[in-house]
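Undergrad: Quick one, data.cif (mmCIF, C-alpha atoms):
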data_input
#
loop_
_atom_site.label_atom_id
_atom_site.label_comp_id
_atom_site.auth_asym_id
_atom_site.auth_seq_id
_atom_site.Cartn_x
_atom_site.Cartn_y
_atom_site.Cartn_z
CA MET Z 1 41.56 -3.01 -53.18
CA LYS Z 2 38.87 -5.36 -51.84
CA THR Z 3 41.54 -7.34 -49.94
CA THR Z 4 43.01 -4.13 -48.51
CA ARG Z 5 39.59 -2.98 -47.26
CA ARG Z 6 38.88 -6.39 -45.76
CA MET Z 7 42.28 -6.47 -44.03
CA LEU Z 8 41.73 -2.95 -42.69
CA ALA Z 9 38.28 -3.90 -41.39
CA LEU Z 10 39.69 -7.00 -39.68
CA MET Z 11 42.56 -5.04 -38.12
CA LEU Z 12 40.10 -2.44 -36.85
CA GLY Z 13 38.04 -5.27 -35.38
CA GLY Z 14 41.16 -6.58 -33.62
CA THR Z 15 41.87 -3.12 -32.28
CA ALA Z 16 38.31 -2.94 -30.96
CA LEU Z 17 38.88 -6.31 -29.24
CA LEU Z 18 42.01 -4.89 -27.66
CA ALA Z 19 40.06 -1.88 -26.42
CA LEU Z 20 37.40 -4.16 -24.91
CA THR Z 21 40.06 -6.36 -23.30
CA VAL Z 22 41.94 -3.44 -21.79
CA THR Z 23 38.73 -1.71 -20.68
CA ALA Z 24 37.39 -4.84 -19.00
CA ARG Z 25 40.75 -5.50 -17.36
CA ALA Z 26 41.19 -1.94 -16.13
CA LYS Z 27 37.73 -1.80 -14.49
CA GLY Z 28 37.50 1.94 -14.59
CA ALA Z 29 41.19 2.72 -14.25
CA GLY Z 30 42.18 5.77 -16.23
CA GLY Z 31 44.77 5.67 -18.95
CA PRO Z 32 45.66 7.33 -22.22
CA PHE Z 33 43.62 6.88 -25.36
CA VAL Z 34 45.57 4.64 -27.77
CA GLN Z 35 45.21 4.29 -31.53
CA LEU Z 36 47.44 2.05 -33.61
CA PRO Z 37 46.67 1.93 -37.32
CA ALA Z 38 47.46 -1.38 -39.03
CA ALA Z 39 50.19 0.29 -41.09
CA ASP Z 40 52.03 1.22 -37.85
CA LEU Z 41 52.24 -2.35 -36.53
CA LYS Z 42 55.86 -3.56 -36.44
CA PHE Z 43 55.96 -7.28 -37.22
CA GLU Z 44 59.11 -9.22 -36.27
CA GLU Z 45 59.96 -12.86 -36.89
CA PHE Z 46 59.46 -15.22 -33.97
CA TYR Z 47 62.22 -17.33 -35.57
CA PRO Z 48 63.59 -17.17 -39.14
CA GLY Z 49 60.97 -18.42 -41.58
CA GLY Z 50 58.39 -18.75 -38.79
CA PRO Z 51 55.43 -16.61 -37.78
CA THR Z 52 55.73 -12.86 -37.37
CA GLU Z 53 54.43 -10.97 -34.34
CA ALA Z 54 53.54 -7.36 -33.56
CA PHE Z 55 53.30 -6.79 -29.80
CA ILE Z 56 50.92 -4.06 -28.68
CA ILE Z 57 51.01 -4.80 -24.93
CA GLY Z 58 54.23 -6.10 -23.39
CA SER Z 59 56.92 -7.78 -25.48
CA LYS Z 60 58.40 -11.16 -26.25
CA GLU Z 61 61.11 -10.46 -23.66
CA ALA Z 62 58.82 -9.12 -20.89
CA LYS Z 63 59.22 -10.83 -17.51
CA HIS Z 64 55.56 -10.21 -16.56
CA GLY Z 65 52.20 -10.01 -18.33
CA PRO Z 66 49.87 -9.10 -19.67
CA THR Z 67 50.81 -9.42 -23.32
CA ALA Z 68 48.79 -8.82 -26.45
CA PHE Z 69 49.92 -9.13 -30.02
CA PHE Z 70 48.97 -9.80 -33.60
CA ILE Z 71 50.58 -12.89 -35.13
CA LYS Z 72 50.77 -13.96 -38.79
CA PHE Z 73 51.23 -17.56 -39.90
CA LYS Z 74 52.01 -18.66 -43.45
CA GLY Z 75 49.48 -21.02 -45.02
CA GLY Z 76 50.32 -24.60 -44.06
CA PHE Z 77 52.14 -23.58 -40.84
CA ASP Z 78 52.30 -26.18 -38.04
CA SER Z 79 53.80 -25.16 -34.69
CA GLY Z 80 54.44 -28.67 -33.49
CA TRP Z 81 53.47 -29.62 -29.92
CA HIS Z 82 54.24 -26.94 -27.34
CA ILE Z 83 53.00 -25.28 -24.16
CA HIS Z 84 52.83 -21.74 -22.71
CA GLU Z 85 53.14 -20.58 -19.08
CA SER Z 86 49.68 -19.01 -19.08
CA GLU Z 87 46.40 -19.50 -20.87
CA TYR Z 88 45.51 -17.15 -23.67
CA THR Z 89 42.62 -16.16 -25.90
CA GLY Z 90 42.78 -15.86 -29.66
CA VAL Z 91 40.62 -14.24 -32.33
CA VAL Z 92 41.14 -15.35 -35.92
CA LEU Z 93 41.14 -12.30 -38.21
CA THR Z 94 42.07 -13.97 -41.52
CA GLY Z 95 42.59 -17.54 -42.70
CA THR Z 96 41.53 -20.75 -40.96
CA MET Z 97 43.22 -22.11 -37.85
CA LEU Z 98 43.21 -25.45 -36.02
CA GLU Z 99 44.04 -25.57 -32.30
CA THR Z 100 44.60 -29.15 -31.16
CA SER Z 101 44.79 -29.53 -27.36
CA LYS Z 102 45.70 -32.74 -25.57
CA GLY Z 103 42.78 -34.08 -23.56
CA SER Z 104 40.22 -31.80 -25.23
CA GLU Z 105 37.57 -32.25 -27.88
CA PRO Z 106 38.83 -32.75 -31.47
CA ALA Z 107 40.01 -29.60 -33.25
CA LYS Z 108 37.43 -27.69 -35.30
CA PRO Z 109 38.34 -25.39 -38.19
CA LEU Z 110 38.35 -21.80 -36.89
CA PRO Z 111 37.75 -19.40 -39.81
CA ALA Z 112 38.01 -15.60 -39.64
CA GLY Z 113 35.78 -14.24 -36.87
CA SER Z 114 36.35 -17.27 -34.60
CA TYR Z 115 37.40 -17.13 -30.95
CA TYR Z 116 39.19 -19.69 -28.77
CA ARG Z 117 40.67 -19.96 -25.27
CA GLN Z 118 43.79 -22.08 -24.98
CA PRO Z 119 44.41 -23.37 -21.44
CA THR Z 120 47.92 -24.15 -20.23
CA VAL Z 121 48.10 -27.60 -21.82
CA VAL Z 122 50.20 -29.19 -24.56
CA HIS Z 123 48.77 -28.19 -27.93
CA ARG Z 124 49.64 -27.44 -31.54
CA THR Z 125 48.64 -24.53 -33.73
CA GLN Z 126 48.06 -24.88 -37.46
CA CYS Z 127 47.16 -22.45 -40.25
CA VAL Z 128 45.28 -24.70 -42.67
CA GLY Z 129 45.13 -24.14 -46.40
CA THR Z 130 47.34 -21.85 -48.44
CA ALA Z 131 46.07 -18.47 -47.18
CA GLU Z 132 47.94 -16.56 -44.49
CA CYS Z 133 46.37 -16.56 -41.02
CA LEU Z 134 46.28 -13.45 -38.85
CA LEU Z 135 45.30 -13.65 -35.17
CA TYR Z 136 44.94 -11.36 -32.19
CA ILE Z 137 46.24 -12.97 -28.97
CA PHE Z 138 45.79 -11.77 -25.38
CA GLU Z 139 47.26 -13.41 -22.28
CA GLU Z 140 47.37 -12.26 -18.68
CA GLY Z 141 50.83 -13.78 -18.24
CA ARG Z 142 54.08 -13.11 -20.00
CA PHE Z 143 54.80 -14.48 -23.47
CA SER Z 144 56.37 -17.95 -23.44
CA PHE Z 145 56.76 -20.88 -25.83
CA THR Z 146 58.19 -24.28 -24.89
CA PRO Z 147 58.37 -26.98 -27.61
CA THR Z 148 57.38 -30.41 -26.30
CA THR Z 149 56.70 -33.95 -27.40
CA GLU Z 150 53.04 -34.87 -27.90
CA ASP Z 151 52.97 -36.22 -24.35
CA GLY Z 152 54.35 -32.96 -22.90
CA LYS Z 153 58.04 -33.71 -22.37
CA PRO Z 154 60.07 -30.54 -23.06
CA LEU Z 155 62.31 -30.68 -26.12
CA PRO Z 156 65.82 -29.22 -26.17
CA PRO Z 157 65.87 -25.45 -26.71
CA MET Z 158 65.51 -24.38 -30.33
CA LYS Z 159 68.72 -23.55 -32.14
CA PRO Z 160 68.76 -20.01 -33.57
CA GLY Z 161 66.95 -20.04 -36.89
CA ALA Z 162 65.46 -23.51 -36.43
CA PRO Z 163 61.70 -24.10 -36.49
CA PRO Z 164 60.09 -26.00 -33.60
CA ALA Z 165 60.16 -29.80 -33.79
CA LYS Z 166 56.95 -31.42 -34.97
#
Could I get this structure in the form of structure tokens?
TA:
Amino acid sequence: MKTTRRMLALMLGGTALLALTVTARAKGAGGPFVQLPAADLKFEEFYPGGPTEAFIIGSKEAKHGPTAFFIKFKGGFDSGWHIHESEYTGVVLTGTMLETSKGSEPAKPLPAGSYYRQPTVVHRTQCVGTAECLLYIFEEGRFSFTPTTEDGKPLPPMKPGAPPAK
């Protein structure tokens, strides 16, 4: 029960972040009131056995941004080196993450409640420990993911069902 309450509180916090993001972005533009209880989020696999995502703005297939979504990583997950077409911000809701970016300061553990901004550079994403990690991600651009080598050379496209190369 304690875990359920904590998860609900964290999801509500993520929803509040979404509201702040959309409000700041809209700058007074009108729009409908939106509520999305955690139980109504529809998580789908990014690739078989990989992270799961629940898009709340845009979609994985959208040709334009913005996009916002919750993403779950299994404990011990490592994305391998990759890059996105646009920078994004992340808020860690559960677990502890490491974001390692080429040319930036060394990665620091990011426990629940942490924030980061990932510029458009080669990086890797890790969920450290055995606990699942849950994040809220917002990006002005469309969703994209390109696996690369550590020095940024694109890798061949992923085969269906295959995890990214590390």
Undergrad: Using all atoms listed in the file, which of Z:Ile137, Z:His84, Z:Val121, Z:Leu93 sits nearest Z:Phe69?
TA: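 The answer is Z:Ile137, which sits nearest to Z:Phe69.
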Undergrad: Name the residues captured by the PyMOL selection byres ((chain Z and resi 94-103) around 9) when it is applied to the shown file; answer as number ranges by chain.
TA: Z: 7, 10, 75, 81, 92-93, 104-114, 116, 118-119, 121-135, 150-151
Undergrad: Since I can't run it myself right now, could you work out what the PyMOL selection byres ((chain Z and resi 53) around 6) selects here and report it as a ChimeraX atom specification?
TA: /Z:43-44,52,54,70-71
Undergrad: Z:Pro32, Z:Gly141, Z:Pro157, Z:Pro147: which is nearest Z:Pro66, counting only C-alpha atoms?
TA: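 Of Z:Pro32, Z:Gly141, Z:Pro157, Z:Pro147, the one nearest Z:Pro66, counting only C-alpha atoms, is Z:Gly141.
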Undergrad: Choose the residue, out of Z:Ala62, Z:Ile83, Z:Ala68, Z:Ile56, that has the smallest atom-to-atom separation from Z:Gln35; count only C-alpha atoms.
TA: Z:Ile56
Undergrad: Mind telling me what the PyMOL selection byres ((chain Z and resi 86) around 7) catches here, as a list in words?
TA: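 This file gives the following for the PyMOL selection byres ((chain Z and resi 86) around 7): His84, Glu85, Glu87, Tyr88, Thr120, Glu139 and Gly141 of chain Z.
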Undergrad: Select, from Z:Gly30, Z:Gly80, Z:Gly58, Z:Gly90, the residue with the minimum atom-to-atom distance to Z:Phe145, counting all atoms listed in the file.
TA: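 Closest to Z:Phe145, using all atoms listed in the file: Z:Gly80.
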Undergrad: Kindly give the distance, in Å, that separates atom CA of Z:Lys60 and atom CA of Z:Phe77, rounded to a single decimal.
TA: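 Computed distance, atom CA of Z:Lys60 to atom CA of Z:Phe77, equals 20.2 Å.
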Undergrad: How many Å separate atom CA of Z:Pro154 from atom CA of Z:Pro48?
TA: 21.2 Å
Undergrad: Taking into account all atoms listed in the file, which residue in the set Z:Phe73, Z:Tyr115, Z:Phe138, Z:Phe143 is nearest to Z:Pro51?
TA: Z:Phe73
Undergrad: For Z:Gly65, which residue among Z:Ser144, Z:Gly50, Z:Pro156, Z:Val34 is the nearest when counting all atoms listed in the file?
TA: Z:Ser144
Undergrad: Report the distance between atom CA of Z:Tyr47 and atom CA of Z:Lys74 in Å, rounded to one decimal place.
TA: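 That distance, rounded to one decimal, is 13.0 Å.
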